[in-house]
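Following: one structure in structure tokens, then a few remarks.
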Amino acid sequence: MEYATEDDSSEYQGTNTVCCRGRVIMGTDWGVYIGGIVYVLILLTLFAVAEIPFLLHKFSPIVVAIPVGIFLYGSAHFWRCSFMDPGIIPRPTREEASYFQKSLVYQDGIVEESRKVLINGIEVEIKWCKSCKMWRPPRGSHCSRCNNCIEMFDHHCAFMGNCIGKRNYRHFFLYLLSMTSLLVYALCFSVYHLFHHFIGEGNSLDWQSVLTCVNCVTLSVTALMVGVFFLQHCYLSSVGLTTREEVKGIWTEFSPKRQSENPFGTSSNCACAVNIFRSLCGAQYPKFLTLKRNREGSSEFWIDISNRSHKIKVSNEHRGGTLNGSYSLGLINLFQNSVHPSHETSNSL
């Protein structure tokens, strides 16, 4: 299907920080974001002062080059995840918003703001977004901090300074992987340094050993927190769920709230490996939001000039799904085969 097109544009209503001609989109959690970066720099400085002289003296320079490479690799994914569009769904045009308002079902004066669609033979609930005035696509959710609906919303991460959604999830996961590896690597050599200082050489406590002790404690606490978070996302990727879906528990195995199987997972013999591969590999998902800076007198703001003529193909994969109808990111003719709140099947919304 195709989006409805409209020549005029509207002012962008998200609260994101937008720059570089709309190519960089971030959240507004600047305090936590900068604080996280400062904390990482403190950890690096402490490790460099306490451990690098010992490592260069005791081992080959390659031992120092490895964590540097891991850090640069993780930093690339960090900035990529922080600065990119996570999967923002453009708000509908006036024509589309009017159409959607008419599609709402009223029963006894109460608006039915949810309905169900069939995905891979399983009923999935979609909800009406009061803020964006449109039906959210499956797995989509509205982020109250950014004031946008995000496609396949996982969570809003203040430390990344952005929402984690369909387009930047792989960068978020690979950043967690690199940081966990870096922390474990640094912790192992710091503990070795400590044992070598006190047991291997029988030295007494000095300023170098104090720094190493402090370094071991900070690395242990940080590695534990980041490592647990990383293992959680390993599990979520392997079963084809997002953090939000895991919390709701409607597709989580062994959850008392479970309603059905996960319609977005895979039932192959190597389901875990397939789900992880589909989360982290493949082509970059397309971007639908396009912004342009506009000036009126002394005021300056961004306007939404998103192309609404995209044809959206939905494949039978972990972060996609097959709809019995058409899929259009919340715009006109969202689903052709939906189940209304009264559980009567209709051909259109």
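Just so we're on the same page: first chain in the structure tokens is A, next is B, and so on; residues restart at 1 for each chain, and ligands are numbered from 1 in the order they show up.
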
**OP:** Name the residues in contact with A:Cys81 at a cut-off of 12 Å, using only C-alpha atoms, excluding same-chain residues fewer than 2 positions from it; report them as a PyMOL selection string.
**Re:** chain A and resi 24-27+74-79+83-87+156-176

Subject >> Nearby residues (only C-alpha atoms) at most 12 Å from A:Val226, same-chain spacing under 3 positions excluded, as a list of chain:residue names >> reply: A:Phe159, A:Phe173, A:Tyr175, A:Leu176, A:Leu177, A:Ser178, A:Met179, A:Thr180, A:Ser181, A:Leu182, A:Leu183, A:Val184, A:Leu219, A:Ser220, A:Val221, A:Thr222, A:Ala223, A:Phe229, A:Phe230, A:Leu231, A:Gln232, A:His233

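Using only C-alpha atoms, the shortest contact distance between A:Ile42 and any of A:Cys234, A:Val63, A:Ile88, A:Val214 is found at A:Val214.
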
Subject >> Residue with smallest distance to A:His57 - pool A:Ser103, A:His193, A:Gln13, A:Leu72, counting only C-alpha atoms >> reply: A:His193

**OP:** Find the residues around stretch 132-137 of chain A up to 7 Å (only C-alpha atoms counted), leave out those fewer than 4 positions away in its own chain, and share them as a PyMOL selection string.
**Re:** chain A and resi 91-92+97+100+126-128+141+329-330

Output N, CA, C and O atoms for every residue in the selection just made, as a PDB file, in the first residue's frame.
ATOM      1  N   ARG A  91       3.869  11.793  12.537  1.00  0.00           N
ATOM      2  CA  ARG A  91       2.458  12.015  12.835  1.00  0.00           C
ATOM      3  C   ARG A  91       1.666  12.121  11.536  1.00  0.00           C
ATOM      4  O   ARG A  91       2.197  12.544  10.514  1.00  0.00           O
ATOM      5  N   PRO A  92       0.391  11.754  11.575  1.00  0.00           N
ATOM      6  CA  PRO A  92      -0.417  11.809  10.348  1.00  0.00           C
ATOM      7  C   PRO A  92      -0.683  13.239   9.906  1.00  0.00           C
ATOM      8  O   PRO A  92      -0.627  14.177  10.710  1.00  0.00           O
ATOM      9  N   ALA A  97      -5.368  12.279   9.995  1.00  0.00           N
ATOM     10  CA  ALA A  97      -5.873  12.391  11.365  1.00  0.00           C
ATOM     11  C   ALA A  97      -7.394  12.409  11.388  1.00  0.00           C
ATOM     12  O   ALA A  97      -8.027  11.797  12.251  1.00  0.00           O
ATOM     13  N   PHE A 100      -8.618   8.905  10.824  1.00  0.00           N
ATOM     14  CA  PHE A 100      -8.450   8.069  12.006  1.00  0.00           C
ATOM     15  C   PHE A 100      -9.504   8.362  13.062  1.00  0.00           C
ATOM     16  O   PHE A 100     -10.015   7.458  13.715  1.00  0.00           O
ATOM     17  N   ILE A 126      -3.550  -3.552  18.989  1.00  0.00           N
ATOM     18  CA  ILE A 126      -2.982  -2.250  18.650  1.00  0.00           C
ATOM     19  C   ILE A 126      -3.804  -1.188  19.365  1.00  0.00           C
ATOM     20  O   ILE A 126      -4.992  -1.379  19.632  1.00  0.00           O
ATOM     21  N   LYS A 127      -3.162  -0.075  19.692  1.00  0.00           N
ATOM     22  CA  LYS A 127      -3.831   0.954  20.479  1.00  0.00           C
ATOM     23  C   LYS A 127      -3.807   2.296  19.775  1.00  0.00           C
ATOM     24  O   LYS A 127      -2.928   2.584  18.977  1.00  0.00           O
ATOM     25  N   TRP A 128      -4.794   3.107  20.118  1.00  0.00           N
ATOM     26  CA  TRP A 128      -4.889   4.456  19.608  1.00  0.00           C
ATOM     27  C   TRP A 128      -3.994   5.371  20.435  1.00  0.00           C
ATOM     28  O   TRP A 128      -4.015   5.334  21.666  1.00  0.00           O
ATOM     29  N   SER A 141       5.096   2.039  20.533  1.00  0.00           N
ATOM     30  CA  SER A 141       4.655   2.659  21.783  1.00  0.00           C
ATOM     31  C   SER A 141       5.039   4.128  21.773  1.00  0.00           C
ATOM     32  O   SER A 141       5.967   4.538  21.071  1.00  0.00           O
ATOM     33  N   LEU A 329       2.619   1.757   9.296  1.00  0.00           N
ATOM     34  CA  LEU A 329       3.144   2.614  10.356  1.00  0.00           C
ATOM     35  C   LEU A 329       2.115   3.621  10.855  1.00  0.00           C
ATOM     36  O   LEU A 329       2.420   4.757  11.132  1.00  0.00           O
ATOM     37  N   GLY A 330       0.886   3.209  10.976  1.00  0.00           N
ATOM     38  CA  GLY A 330      -0.114   4.063  11.598  1.00  0.00           C
ATOM     39  C   GLY A 330      -0.826   5.023  10.676  1.00  0.00           C
ATOM     40  O   GLY A 330      -1.515   5.912  11.151  1.00  0.00           O
TER      41      GLY A 330
END

**OP:** Excluding stretch 44-52 of chain A and any residue of its chain fewer than 4 positions from it, enumerate the residues within 9 Å of it, using only C-alpha atoms, and give them as a ChimeraX atom specification.
**Re:** /A:39-40,56-57,64,186,189-190,193,208-212,214-215

Selection to disk with N, CA, C and O atoms, as a compact mmCIF listing (two decimals), in the first residue's frame:
# COMPACT_ATOMS: atom_id res chain seq x y z
N TYR A 39 31.47 9.49 33.79
CA TYR A 39 31.79 8.31 34.60
C TYR A 39 32.68 7.34 33.83
O TYR A 39 33.64 6.78 34.39
N VAL A 40 32.37 7.13 32.56
CA VAL A 40 33.19 6.24 31.73
C VAL A 40 34.60 6.80 31.59
O VAL A 40 35.60 6.05 31.68
N LEU A 56 52.41 -2.59 30.51
CA LEU A 56 53.48 -2.38 29.54
C LEU A 56 54.81 -2.97 30.01
O LEU A 56 55.63 -3.43 29.20
N HIS A 57 55.01 -2.96 31.32
CA HIS A 57 56.25 -3.52 31.87
C HIS A 57 56.22 -5.05 31.90
O HIS A 57 57.24 -5.70 31.64
N VAL A 64 47.63 -3.83 25.92
CA VAL A 64 47.02 -2.51 26.07
C VAL A 64 46.24 -2.12 24.82
O VAL A 64 45.21 -1.44 24.90
N ALA A 186 39.39 -5.56 31.72
CA ALA A 186 40.13 -4.67 32.61
C ALA A 186 40.14 -5.20 34.04
O ALA A 186 41.15 -5.10 34.74
N PHE A 189 42.77 -8.12 34.55
CA PHE A 189 44.16 -7.67 34.66
C PHE A 189 44.40 -6.85 35.92
O PHE A 189 45.51 -6.86 36.48
N SER A 190 43.36 -6.15 36.39
CA SER A 190 43.52 -5.39 37.63
C SER A 190 43.66 -6.33 38.82
O SER A 190 44.48 -6.10 39.72
N HIS A 193 47.07 -7.82 38.73
CA HIS A 193 48.05 -6.84 39.22
C HIS A 193 48.07 -6.83 40.75
O HIS A 193 49.14 -6.77 41.39
N GLN A 208 50.26 3.03 44.61
CA GLN A 208 49.94 2.29 43.39
C GLN A 208 48.96 1.16 43.68
O GLN A 208 48.00 0.94 42.93
N SER A 209 49.17 0.46 44.78
CA SER A 209 48.26 -0.63 45.14
C SER A 209 46.90 -0.10 45.58
O SER A 209 45.88 -0.74 45.36
N VAL A 210 46.89 1.08 46.21
CA VAL A 210 45.62 1.70 46.59
C VAL A 210 44.79 2.02 45.35
O VAL A 210 43.58 1.78 45.29
N LEU A 211 45.44 2.60 44.35
CA LEU A 211 44.75 2.90 43.09
C LEU A 211 44.22 1.62 42.45
O LEU A 211 43.09 1.60 41.92
N THR A 212 45.00 0.55 42.51
CA THR A 212 44.57 -0.72 41.92
C THR A 212 43.36 -1.28 42.67
O THR A 212 42.43 -1.81 42.06
N VAL A 214 41.09 0.50 44.37
CA VAL A 214 39.94 1.34 43.99
C VAL A 214 39.47 0.98 42.59
O VAL A 214 38.26 0.89 42.31
N ASN A 215 40.40 0.74 41.69
CA ASN A 215 40.07 0.37 40.33
C ASN A 215 39.31 -0.95 40.29
O ASN A 215 38.32 -1.10 39.56
